[in-house]
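Undergrad: Following this line is structure.txt, made up of compact mmCIF, C-alpha atoms and all ligand atoms:
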# COMPACT_ATOMS: atom_id res chain seq x y z
CA MET A 165 99.19 85.44 117.35
CA TYR A 166 96.25 85.08 115.08
CA ALA A 167 93.59 82.52 115.78
CA LEU A 168 90.81 82.71 113.25
CA ILE A 169 87.76 80.68 114.03
CA TYR A 170 84.12 80.74 113.24
CA SER A 171 81.81 81.97 115.87
CA LYS A 172 78.53 80.17 116.30
CA HIS A 173 76.61 81.35 113.28
CA ARG A 174 73.89 83.74 114.26
CA LYS A 175 70.45 83.04 112.90
CA MET A 176 69.64 85.84 110.51
CA ALA A 177 66.88 86.69 108.13
CA LYS A 178 67.25 85.07 104.74
CA TRP A 179 69.44 87.24 102.54
CA THR A 180 69.13 86.92 98.77
CA VAL A 181 70.33 88.76 95.69
CA ALA A 182 67.12 90.81 95.92
CA ASP A 183 68.73 92.48 98.96
CA ILE A 184 71.64 93.86 96.95
CA PRO A 185 71.34 97.64 97.07
CA SER A 186 71.59 99.58 93.83
CA GLN A 187 75.16 99.61 92.56
CA GLN A 188 74.49 102.32 89.97
CA GLY A 189 77.48 104.58 89.51
CA LYS A 190 79.91 102.12 91.10
CA LEU A 191 82.93 100.52 89.47
CA ALA A 192 83.85 97.01 90.62
CA VAL A 193 86.73 94.67 89.85
CA VAL A 194 86.07 90.95 90.33
CA THR A 195 89.07 88.65 89.99
CA GLY A 196 88.65 85.16 88.59
CA ALA A 197 85.31 86.25 87.16
CA ASN A 198 85.16 83.83 84.25
CA SER A 199 84.09 80.93 86.43
CA GLY A 200 82.12 79.79 89.48
CA ILE A 201 81.56 82.24 92.31
CA GLY A 202 83.40 85.08 90.60
CA TRP A 203 81.20 84.94 87.50
CA ILE A 204 77.99 84.95 89.55
CA THR A 205 79.38 87.82 91.64
CA ALA A 206 80.08 89.84 88.48
CA LEU A 207 76.66 88.99 87.04
CA GLU A 208 74.75 90.10 90.14
CA LEU A 209 76.81 93.26 90.60
CA ALA A 210 76.08 94.15 86.96
CA ARG A 211 72.39 93.34 87.44
CA ALA A 212 72.38 95.79 90.36
CA GLY A 213 73.77 98.47 88.05
CA ALA A 214 77.50 98.39 88.70
CA GLU A 215 80.10 98.75 85.99
CA VAL A 216 82.16 95.58 86.35
CA ILE A 217 85.66 94.73 85.19
CA LEU A 218 85.89 90.95 85.08
CA THR A 219 89.41 89.63 85.22
CA ALA A 220 90.46 86.41 83.52
CA ARG A 221 93.69 84.70 82.58
CA THR A 222 93.02 84.55 78.84
CA LYS A 223 91.16 86.69 76.31
CA ALA A 224 88.97 83.74 75.33
CA LYS A 225 87.83 83.14 78.91
CA GLY A 226 87.30 86.84 79.58
CA GLN A 227 85.28 87.42 76.41
CA ASP A 228 83.20 84.31 77.04
CA ALA A 229 82.41 85.49 80.59
CA VAL A 230 81.34 88.91 79.32
CA ASP A 231 79.23 87.34 76.55
CA ARG A 232 77.45 85.06 79.04
CA ILE A 233 76.53 88.06 81.18
CA ARG A 234 75.35 90.05 78.16
CA ARG A 235 73.12 87.17 77.10
CA GLN A 236 71.26 87.63 80.40
CA LEU A 237 71.67 91.40 80.74
CA SER A 238 71.99 93.03 77.35
CA GLN A 239 72.66 96.47 78.85
CA ALA A 240 75.26 95.28 81.39
CA LYS A 241 78.28 97.54 81.78
CA VAL A 242 80.83 94.75 81.77
CA ARG A 243 84.22 94.23 80.21
CA PHE A 244 87.21 92.04 80.87
CA GLU A 245 90.88 92.62 81.53
CA LEU A 246 93.69 90.11 81.67
CA LEU A 247 95.08 89.37 85.11
CA ASP A 248 97.25 86.50 86.27
CA LEU A 249 97.64 86.59 90.04
CA ALA A 250 100.53 84.15 89.80
CA SER A 251 102.53 86.87 88.06
CA GLN A 252 103.55 90.04 89.90
CA ARG A 253 104.25 91.55 86.48
CA SER A 254 100.65 90.94 85.42
CA VAL A 255 99.32 92.28 88.73
CA ARG A 256 101.37 95.47 88.33
CA THR A 257 100.27 95.98 84.72
CA PHE A 258 96.61 95.54 85.61
CA ALA A 259 96.75 97.81 88.67
CA ALA A 260 98.60 100.53 86.76
CA LYS A 261 95.92 100.45 84.06
CA VAL A 262 93.07 100.79 86.56
CA ASN A 263 94.84 103.52 88.54
CA SER A 264 95.51 105.57 85.43
CA ASN A 265 92.34 104.93 83.40
CA GLU A 266 89.61 104.97 86.06
CA THR A 267 88.44 107.96 88.04
CA ARG A 268 87.98 105.70 91.05
CA LEU A 269 87.44 102.07 92.07
CA ASP A 270 84.53 101.46 94.46
CA LEU A 271 84.84 97.72 94.98
CA LEU A 272 87.55 95.10 94.66
CA VAL A 273 86.50 91.48 95.05
CA ASN A 274 89.54 89.28 95.62
CA ASN A 275 87.88 86.08 94.46
CA ALA A 276 90.29 84.15 92.21
CA GLY A 277 91.94 81.09 93.64
CA VAL A 278 93.31 77.61 93.13
CA MET A 279 92.99 74.65 95.46
CA ARG A 280 94.96 71.54 96.35
CA ILE A 281 97.47 71.48 93.53
CA PRO A 282 98.76 67.90 93.86
CA ARG A 283 102.47 68.59 93.33
CA ARG A 284 104.29 71.72 94.45
CA GLN A 285 104.44 74.33 91.70
CA VAL A 286 105.78 77.85 91.77
CA THR A 287 104.59 81.11 90.31
CA GLU A 288 106.54 83.19 87.80
CA ASP A 289 108.11 84.93 90.82
CA GLY A 290 109.03 81.71 92.62
CA PHE A 291 106.27 81.61 95.24
CA GLU A 292 104.56 78.32 96.01
CA MET A 293 101.57 78.38 93.63
CA GLN A 294 98.67 78.33 96.11
CA PHE A 295 100.25 80.92 98.41
CA GLY A 296 101.26 83.01 95.40
CA THR A 297 97.88 82.88 93.64
CA ASN A 298 95.55 82.97 96.64
CA TYR A 299 97.48 85.36 98.85
CA PHE A 300 100.56 87.18 97.45
CA GLY A 301 98.81 88.10 94.19
CA PRO A 302 95.68 89.48 95.90
CA PHE A 303 97.84 91.18 98.55
CA ALA A 304 99.90 93.00 95.89
CA LEU A 305 96.79 93.76 93.85
CA THR A 306 94.98 95.27 96.85
CA VAL A 307 97.91 97.44 97.86
CA LEU A 308 98.61 98.55 94.29
CA LEU A 309 94.96 99.47 93.71
CA LEU A 310 94.77 101.66 96.82
CA PRO A 311 95.21 104.88 94.78
CA ALA A 312 92.06 104.13 92.73
CA LEU A 313 90.21 102.79 95.77
CA GLN A 314 91.00 105.90 97.79
CA ARG A 315 89.49 108.07 95.07
CA ALA A 316 86.09 106.43 95.75
CA ALA A 317 83.76 107.87 98.39
CA TYR A 318 83.11 104.53 100.12
CA PRO A 319 85.66 102.00 98.87
CA ARG A 320 85.34 98.36 99.76
CA VAL A 321 87.59 95.31 99.44
CA THR A 322 85.96 91.90 99.84
CA THR A 323 88.32 88.94 100.05
CA VAL A 324 87.07 85.41 99.45
CA SER A 325 88.57 83.11 102.04
CA SER A 326 87.36 79.65 103.03
CA GLY A 327 86.41 77.47 105.97
CA ALA A 328 89.74 75.83 105.14
CA ALA A 329 91.38 78.81 106.89
CA ASN A 330 90.57 76.99 110.11
CA MET A 331 91.77 73.59 108.88
CA GLY A 332 95.16 72.09 107.99
CA LEU A 333 97.89 73.45 110.28
CA LYS A 334 95.56 76.29 111.41
CA ARG A 335 98.54 78.62 111.43
CA ILE A 336 101.06 80.21 109.11
CA ASN A 337 103.97 77.83 108.60
CA PHE A 338 106.70 80.44 109.09
CA GLY A 339 109.37 77.72 109.31
CA ASP A 340 108.59 76.66 105.75
CA LEU A 341 106.39 79.39 104.32
CA GLN A 342 106.85 78.29 100.73
CA TRP A 343 106.45 74.56 101.50
CA GLU A 344 109.91 73.77 100.17
CA LYS A 345 110.57 71.09 102.80
CA SER A 346 107.18 69.48 103.22
CA TYR A 347 104.55 70.29 100.60
CA GLY A 348 101.02 69.14 101.33
CA PRO A 349 98.32 70.25 98.84
CA TRP A 350 95.66 70.71 101.53
CA ASN A 351 97.90 72.36 104.14
CA ALA A 352 99.18 74.80 101.53
CA TYR A 353 95.61 75.71 100.51
CA CYS A 354 94.51 76.17 104.15
CA GLN A 355 97.49 78.44 104.88
CA SER A 356 96.72 80.58 101.83
CA LYS A 357 93.12 81.04 102.94
CA LEU A 358 94.14 81.86 106.52
CA ALA A 359 96.52 84.45 105.07
CA ASP A 360 93.57 85.91 103.13
CA LEU A 361 91.71 86.47 106.42
CA MET A 362 94.81 88.11 107.87
CA LEU A 363 95.02 90.37 104.83
CA MET A 364 91.38 91.31 105.31
CA LEU A 365 91.78 92.04 109.03
CA GLU A 366 95.05 93.94 108.70
CA LEU A 367 93.66 96.10 105.89
CA ALA A 368 90.62 96.83 108.07
CA ARG A 369 92.83 97.66 111.05
CA ARG A 370 95.25 99.91 109.14
CA SER A 371 92.48 101.71 107.29
CA SER A 372 90.71 102.46 110.55
CA ALA A 373 93.95 103.51 112.30
CA ASP A 374 94.85 105.84 109.41
CA GLY A 375 91.36 107.31 109.20
CA ILE A 376 90.85 105.89 105.71
CA ARG A 377 87.19 105.21 104.98
CA LEU A 378 87.76 101.79 103.43
CA ILE A 379 85.75 98.70 104.30
CA SER A 380 87.70 95.45 104.27
CA ASN A 381 85.71 92.29 104.87
CA ALA A 382 85.64 88.65 103.81
CA ALA A 383 83.42 85.81 102.69
CA HIS A 384 83.40 82.02 102.74
CA PRO A 385 81.24 80.39 100.05
CA GLY A 386 80.63 77.09 101.86
CA PHE A 387 81.13 74.04 99.66
CA ALA A 388 80.05 75.20 96.20
CA ARG A 389 80.03 73.21 92.97
CA THR A 390 82.48 75.13 90.78
CA ASN A 391 85.67 74.42 88.83
CA LEU A 392 87.78 74.88 91.95
CA GLN A 393 88.83 71.26 92.21
CA THR A 394 90.15 71.37 88.68
CA SER A 395 91.23 74.97 88.13
CA GLY A 396 94.83 74.31 89.14
CA PRO A 397 96.35 71.30 87.51
CA GLY A 398 93.18 69.70 86.23
CA ARG A 399 93.10 67.20 89.09
CA PRO A 400 90.25 64.69 88.67
CA LEU A 401 87.92 64.27 91.66
CA ASN A 402 88.46 61.06 93.61
CA PHE A 403 85.62 58.62 94.27
CA LEU A 404 84.82 60.01 97.72
CA GLU A 405 84.72 63.60 96.45
CA ARG A 406 82.49 62.61 93.52
CA SER A 407 80.11 60.79 95.86
CA ILE A 408 79.73 63.42 98.56
CA MET A 409 79.81 66.52 96.38
CA PRO A 410 76.13 66.54 95.34
CA LEU A 411 75.01 65.77 98.90
CA MET A 412 77.12 68.29 100.74
CA SER A 413 77.39 71.20 98.37
CA HIS A 414 75.36 73.97 96.85
CA ASP A 415 75.54 75.62 93.46
CA ALA A 416 77.73 78.59 92.53
CA ALA A 417 74.78 81.00 92.84
CA ASN A 418 74.32 80.08 96.50
CA GLY A 419 78.07 79.98 96.99
CA ALA A 420 78.30 83.58 95.80
CA LEU A 421 75.78 84.95 98.33
CA PRO A 422 78.27 85.50 101.17
CA THR A 423 80.57 87.36 98.76
CA LEU A 424 77.72 89.46 97.41
CA ARG A 425 76.53 90.32 100.87
CA ALA A 426 80.03 91.28 102.04
CA ALA A 427 80.58 93.30 98.86
CA THR A 428 77.33 95.25 98.87
CA SER A 429 75.38 95.14 102.09
CA PRO A 430 75.28 98.20 104.35
CA ASP A 431 75.63 95.83 107.37
CA ALA A 432 78.89 94.39 106.04
CA SER A 433 81.27 96.54 108.01
CA SER A 434 85.04 96.31 108.15
CA GLY A 435 86.29 93.07 109.70
CA THR A 436 83.08 91.13 109.16
CA TYR A 437 83.12 87.67 107.62
CA PHE A 438 80.13 86.21 105.83
CA ALA A 439 79.45 82.51 105.38
CA PRO A 440 76.54 80.15 104.77
CA GLU A 441 74.48 79.54 107.86
CA ARG A 442 75.58 75.93 108.02
CA LEU A 443 78.55 74.59 106.13
CA PHE A 444 76.82 72.07 103.90
CA ASN A 445 73.31 73.30 103.29
CA HIS A 446 71.65 75.21 100.51
CA PRO A 447 71.16 78.35 102.46
CA GLY A 448 70.23 81.13 100.11
CA GLU A 449 71.41 83.25 102.98
CA ALA A 450 74.70 84.22 104.48
CA SER A 451 75.33 84.56 108.16
CA LYS A 452 77.74 86.82 109.86
CA ALA A 453 80.64 84.98 111.39
CA CYS A 454 83.39 86.54 113.47
CA ALA A 455 87.11 86.30 113.05
CA ARG A 456 89.16 87.01 116.13
N1 LIG B 501 83.86 76.35 95.64
C1 LIG B 501 84.00 76.20 96.95
O1 LIG B 501 83.44 75.27 97.56
C2 LIG B 501 84.85 77.17 97.73
C3 LIG B 501 84.94 77.00 99.11
C4 LIG B 501 85.70 77.88 99.84
C5 LIG B 501 86.36 78.92 99.21
N2 LIG B 501 86.28 79.05 97.86
C6 LIG B 501 87.01 80.16 97.22
O2 LIG B 501 86.17 80.78 96.28
C7 LIG B 501 86.97 81.44 95.30
C8 LIG B 501 86.39 81.19 93.92
O3 LIG B 501 86.52 79.82 93.63
P1 LIG B 501 85.43 79.01 92.79
O4 LIG B 501 84.90 77.97 93.69
O5 LIG B 501 84.50 79.89 92.10
O6 LIG B 501 86.39 78.24 91.76
P2 LIG B 501 86.56 78.33 90.18
O7 LIG B 501 85.26 78.10 89.49
O8 LIG B 501 87.67 77.40 89.87
O9 LIG B 501 87.03 79.82 89.93
C9 LIG B 501 88.33 80.21 90.27
C10 LIG B 501 88.70 81.41 89.43
O10 LIG B 501 90.02 81.81 89.80
C11 LIG B 501 90.77 81.95 88.60
N3 LIG B 501 92.20 81.78 88.79
C12 LIG B 501 92.88 80.67 89.11
N4 LIG B 501 94.19 80.93 89.12
C13 LIG B 501 94.34 82.23 88.78
C14 LIG B 501 95.46 83.08 88.58
N5 LIG B 501 96.72 82.65 88.71
N6 LIG B 501 95.25 84.36 88.25
C15 LIG B 501 93.99 84.84 88.08
N7 LIG B 501 92.90 84.08 88.23
C16 LIG B 501 93.09 82.79 88.57
C17 LIG B 501 90.21 80.90 87.67
O11 LIG B 501 90.61 81.14 86.34
P3 LIG B 501 90.77 79.94 85.29
O12 LIG B 501 89.39 79.63 84.78
O13 LIG B 501 91.67 80.50 84.24
O14 LIG B 501 91.38 78.77 86.01
C18 LIG B 501 88.74 81.09 87.92
O15 LIG B 501 88.25 82.19 87.20
C19 LIG B 501 88.40 80.92 95.50
O16 LIG B 501 89.16 81.90 96.17
C20 LIG B 501 88.21 79.72 96.42
O17 LIG B 501 89.33 79.47 97.23
C21 LIG B 501 85.53 78.20 97.10
Before we go any further, please render this structure as structure tokens.

TA:
Amino acid sequence: MYALIYSKHRKMAKWTVADIPSQQGKLAVVTGANSGIGWITALELARAGAEVILTARTKAKGQDAVDRIRRQLSQAKVRFELLDLASQRSVRTFAAKVNSNETRLDLLVNNAGVMRIPRRQVTEDGFEMQFGTNYFGPFALTVLLLPALQRAAYPRVTTVSSGAANMGLKRINFGDLQWEKSYGPWNAYCQSKLADLMLMLELARRSSADGIRLISNAAHPGFARTNLQTSGPGRPLNFLERSIMPLMSHDAANGALPTLRAATSPDASSGTYFAPERLFNHPGEASKACAR
């Protein structure tokens, strides 16, 4: 039985993008990199010298994301590829391309996600949309990319979860996994993010058991001002959300720090989980939290 909770956050020295070690010579894939936390993650990885494949759902969004990085970093080694995590066909096409075209993949950041889709929708393959996009897609992508990841000397998979993993039902709803009987937008999101933590932990456990030198860890951005509330169905924020958002959130750059730390820091070992020091502050630092 999994119970995933935050430990009391340990006070740690302030961690900033200046602490990102050189990523020269590394190849990274960042999913959902045209927006929010994913775009900042791709930008900072590129700034540290990594070659970054940004994934996006359309050519226009992918090209725009690459152009915005190049406007800041003219020499950035960035490009985009199409990837729709709500389509197993798209996931397979993308993974096959990386496995065959790249000598190795050093880092996969499972970042893309949707949140609180008001009415139940399904993916191309018939999975409930939040579970399909936030969990099944990244799960398939991670497994399918293992050949390229295993060709890297020190491969790493960082999965972006959420504090919501410990909210909602706080468990996997095995009786109605696809929310066919009782869809709730929030409960479905929370389950998908809990499943992300399970994916992270199980990948860490199996890699260690099989003697594979692969780091699997996770990050929680805190409450970051991004397109997340509207990336699914274009749901407008309600009055309460609009009122509290500026007071209780930080920007995407701060929201990306836990991901960047998990993805690059030498202290981000397998099974670790990075999050802002307090849920609703502007930390500029990420603290280690434990999942058990
Ligand atoms: N922001 C927060 O407060 C917060 C808190 C906890 C966890 N998170 C997590 O952080 C991650 C990044 O979210 P964000 O806040 O940066 O939101 P965002 O700005 O909305 O970015 C989400 C990204 O995911 C992409 N995406 C959505 N559905 C996809 C699909 N089917 N296939 C491929 N890509 C897809 C989006 O593409 P489009 O532009 O095409 O929609 C976008 O690039 C998510 O996993 C989210 O659950 C965020």

Undergrad: Using all atoms listed in the file, which protein or nucleic acid residues are at most 6 Å from ligand LIG 501 (chain B), as a PyMOL selection string?

TA: chain A and resi 196-202+220-221+247-250+275-278+297+324-326+384-392+395

Undergrad: Between CA of Trp350 (chain A) and CA of Glu441 (chain A), measure the distance and give it in Å to one decimal.

TA: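 Between these atoms lies a distance of 23.8 Å.
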
Undergrad: Using only C-alpha atoms, find the one residue out of A:Met293, A:Ile204, A:Ala192, A:Ala224 that sits nearest to Glu266 (chain A).

TA: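 Closest residue, counting only C-alpha atoms: A:Ala192.
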
Undergrad: I'd like the interatomic distance between CA of Asp270 (chain A) and CA of Ser380 (chain A), to a tenth of an Å.

TA: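 It comes out at 11.9 Å.
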
Undergrad: Just to confirm, what's the straight-line distance from CA of Ala317 (chain A) to CA of Arg377 (chain A) in Å (one decimal)?

TA: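 CA of Ala317 (chain A) sits 7.9 Å away from CA of Arg377 (chain A).
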
Undergrad: From the set A:Arg235, A:Lys345, A:Arg425, A:Arg335, which residue has the shortest atom-to-atom contact distance to Met362 (chain A), counting all atoms listed in the file?

TA: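 Closest residue, counting all atoms listed in the file: A:Arg335.
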
Undergrad: Could you name the residues that touch Asp360 (chain A) at 7 Å or less, counting only C-alpha atoms, but leaving out those on the same chain fewer than 3 positions away, as a PDB file with C-alpha atoms, keeping the file's coordinate frame?

TA:
ATOM      1  CA  TYR A 299      97.480  85.360  98.850  1.00  0.00           C
ATOM      2  CA  THR A 323      88.320  88.940 100.050  1.00  0.00           C
ATOM      3  CA  SER A 325      88.570  83.110 102.040  1.00  0.00           C
ATOM      4  CA  SER A 356      96.720  80.580 101.830  1.00  0.00           C
ATOM      5  CA  LYS A 357      93.120  81.040 102.940  1.00  0.00           C
ATOM      6  CA  LEU A 363      95.020  90.370 104.830  1.00  0.00           C
ATOM      7  CA  MET A 364      91.380  91.310 105.310  1.00  0.00           C
TER       8      MET A 364
END

Undergrad: For Thr267 (chain A), please output as an mmCIF file with C-alpha atoms, in the coordinates of the input all residues within 8 Å (counting all atoms listed in the file; exclusion window: fewer than 3 positions along the same chain).

TA:
data_model
loop_
_atom_site.group_PDB
_atom_site.id
_atom_site.type_symbol
_atom_site.label_atom_id
_atom_site.label_comp_id
_atom_site.auth_asym_id
_atom_site.auth_seq_id
_atom_site.Cartn_x
_atom_site.Cartn_y
_atom_site.Cartn_z
ATOM 1 C CA ASN A 263 94.840 103.520 88.540
ATOM 2 C CA SER A 264 95.510 105.570 85.430
ATOM 3 C CA ALA A 312 92.060 104.130 92.730
ATOM 4 C CA ARG A 315 89.490 108.070 95.070
#

Undergrad: I'd like the contact shell of Ile336 (chain A) - 10 Å cut-off, all atoms listed in the file, skipping same-chain residues fewer than 3 positions apart - returned as a short mmCIF file (atom, residue, chain, number, x, y, z; two decimals) with C-alpha atoms, in the frame of the given file.

TA:
data_model
loop_
_atom_site.label_atom_id
_atom_site.label_comp_id
_atom_site.auth_asym_id
_atom_site.auth_seq_id
_atom_site.Cartn_x
_atom_site.Cartn_y
_atom_site.Cartn_z
CA MET A 165 99.19 85.44 117.35
CA TYR A 166 96.25 85.08 115.08
CA LEU A 333 97.89 73.45 110.28
CA GLY A 339 109.37 77.72 109.31
CA ASP A 340 108.59 76.66 105.75
CA LEU A 341 106.39 79.39 104.32
CA ASN A 351 97.90 72.36 104.14
CA ALA A 352 99.18 74.80 101.53
CA CYS A 354 94.51 76.17 104.15
CA GLN A 355 97.49 78.44 104.88
CA SER A 356 96.72 80.58 101.83
CA LEU A 358 94.14 81.86 106.52
CA ALA A 359 96.52 84.45 105.07
#

Undergrad: Which one is closest to Ala383 (chain A): A:Phe338, A:Tyr437, A:Tyr347, A:Tyr353? Count all atoms listed in the file.

TA: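 Between A:Phe338, A:Tyr437, A:Tyr347, A:Tyr353, the residue approaching Ala383 (chain A) most closely is A:Tyr437.
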
Undergrad: Go through A:Arg211, A:Arg320, A:Arg280, A:Arg406 and flag the residue nearest Ile376 (chain A), using all atoms listed in the file for the distances.

TA: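 Among A:Arg211, A:Arg320, A:Arg280, A:Arg406, it is A:Arg320 that comes nearest to Ile376 (chain A).
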
Undergrad: For Met279 (chain A), which residue among A:Ala328, A:Tyr318, A:Ala260, A:Leu237 is the nearest when counting only C-alpha atoms?

TA: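 Nearest to Met279 (chain A): A:Ala328.
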
Undergrad: Could you list, as a ChimeraX atom specification, every residue within 12 Å of Leu271 (chain A), counting only C-alpha atoms and ignoring same-chain residues fewer than 4 positions away?

TA: /A:187,189-195,205-206,209,214-217,306,309-310,312-323,378-381,423-424,426-428

Undergrad: With only C-alpha atoms as the atoms that count, which of A:Val242, A:Ser372, A:Ala420, A:Met412 lies nearest to Gly435 (chain A)?

TA: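 Closest to Gly435 (chain A), using only C-alpha atoms: A:Ser372.
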
Undergrad: Give, as AutoDock Vina command-line options, the centre coordinates and the x, y and z edge lengths in Å to one decimal for an axis-aligned box around all listed atoms of region 181-192 of chain A, padded by 8 Å on each side.

TA:
--center_x 75.5 --center_y 96.7 --center_z 94.2 --size_x 32.7 --size_y 31.8 --size_z 25.5
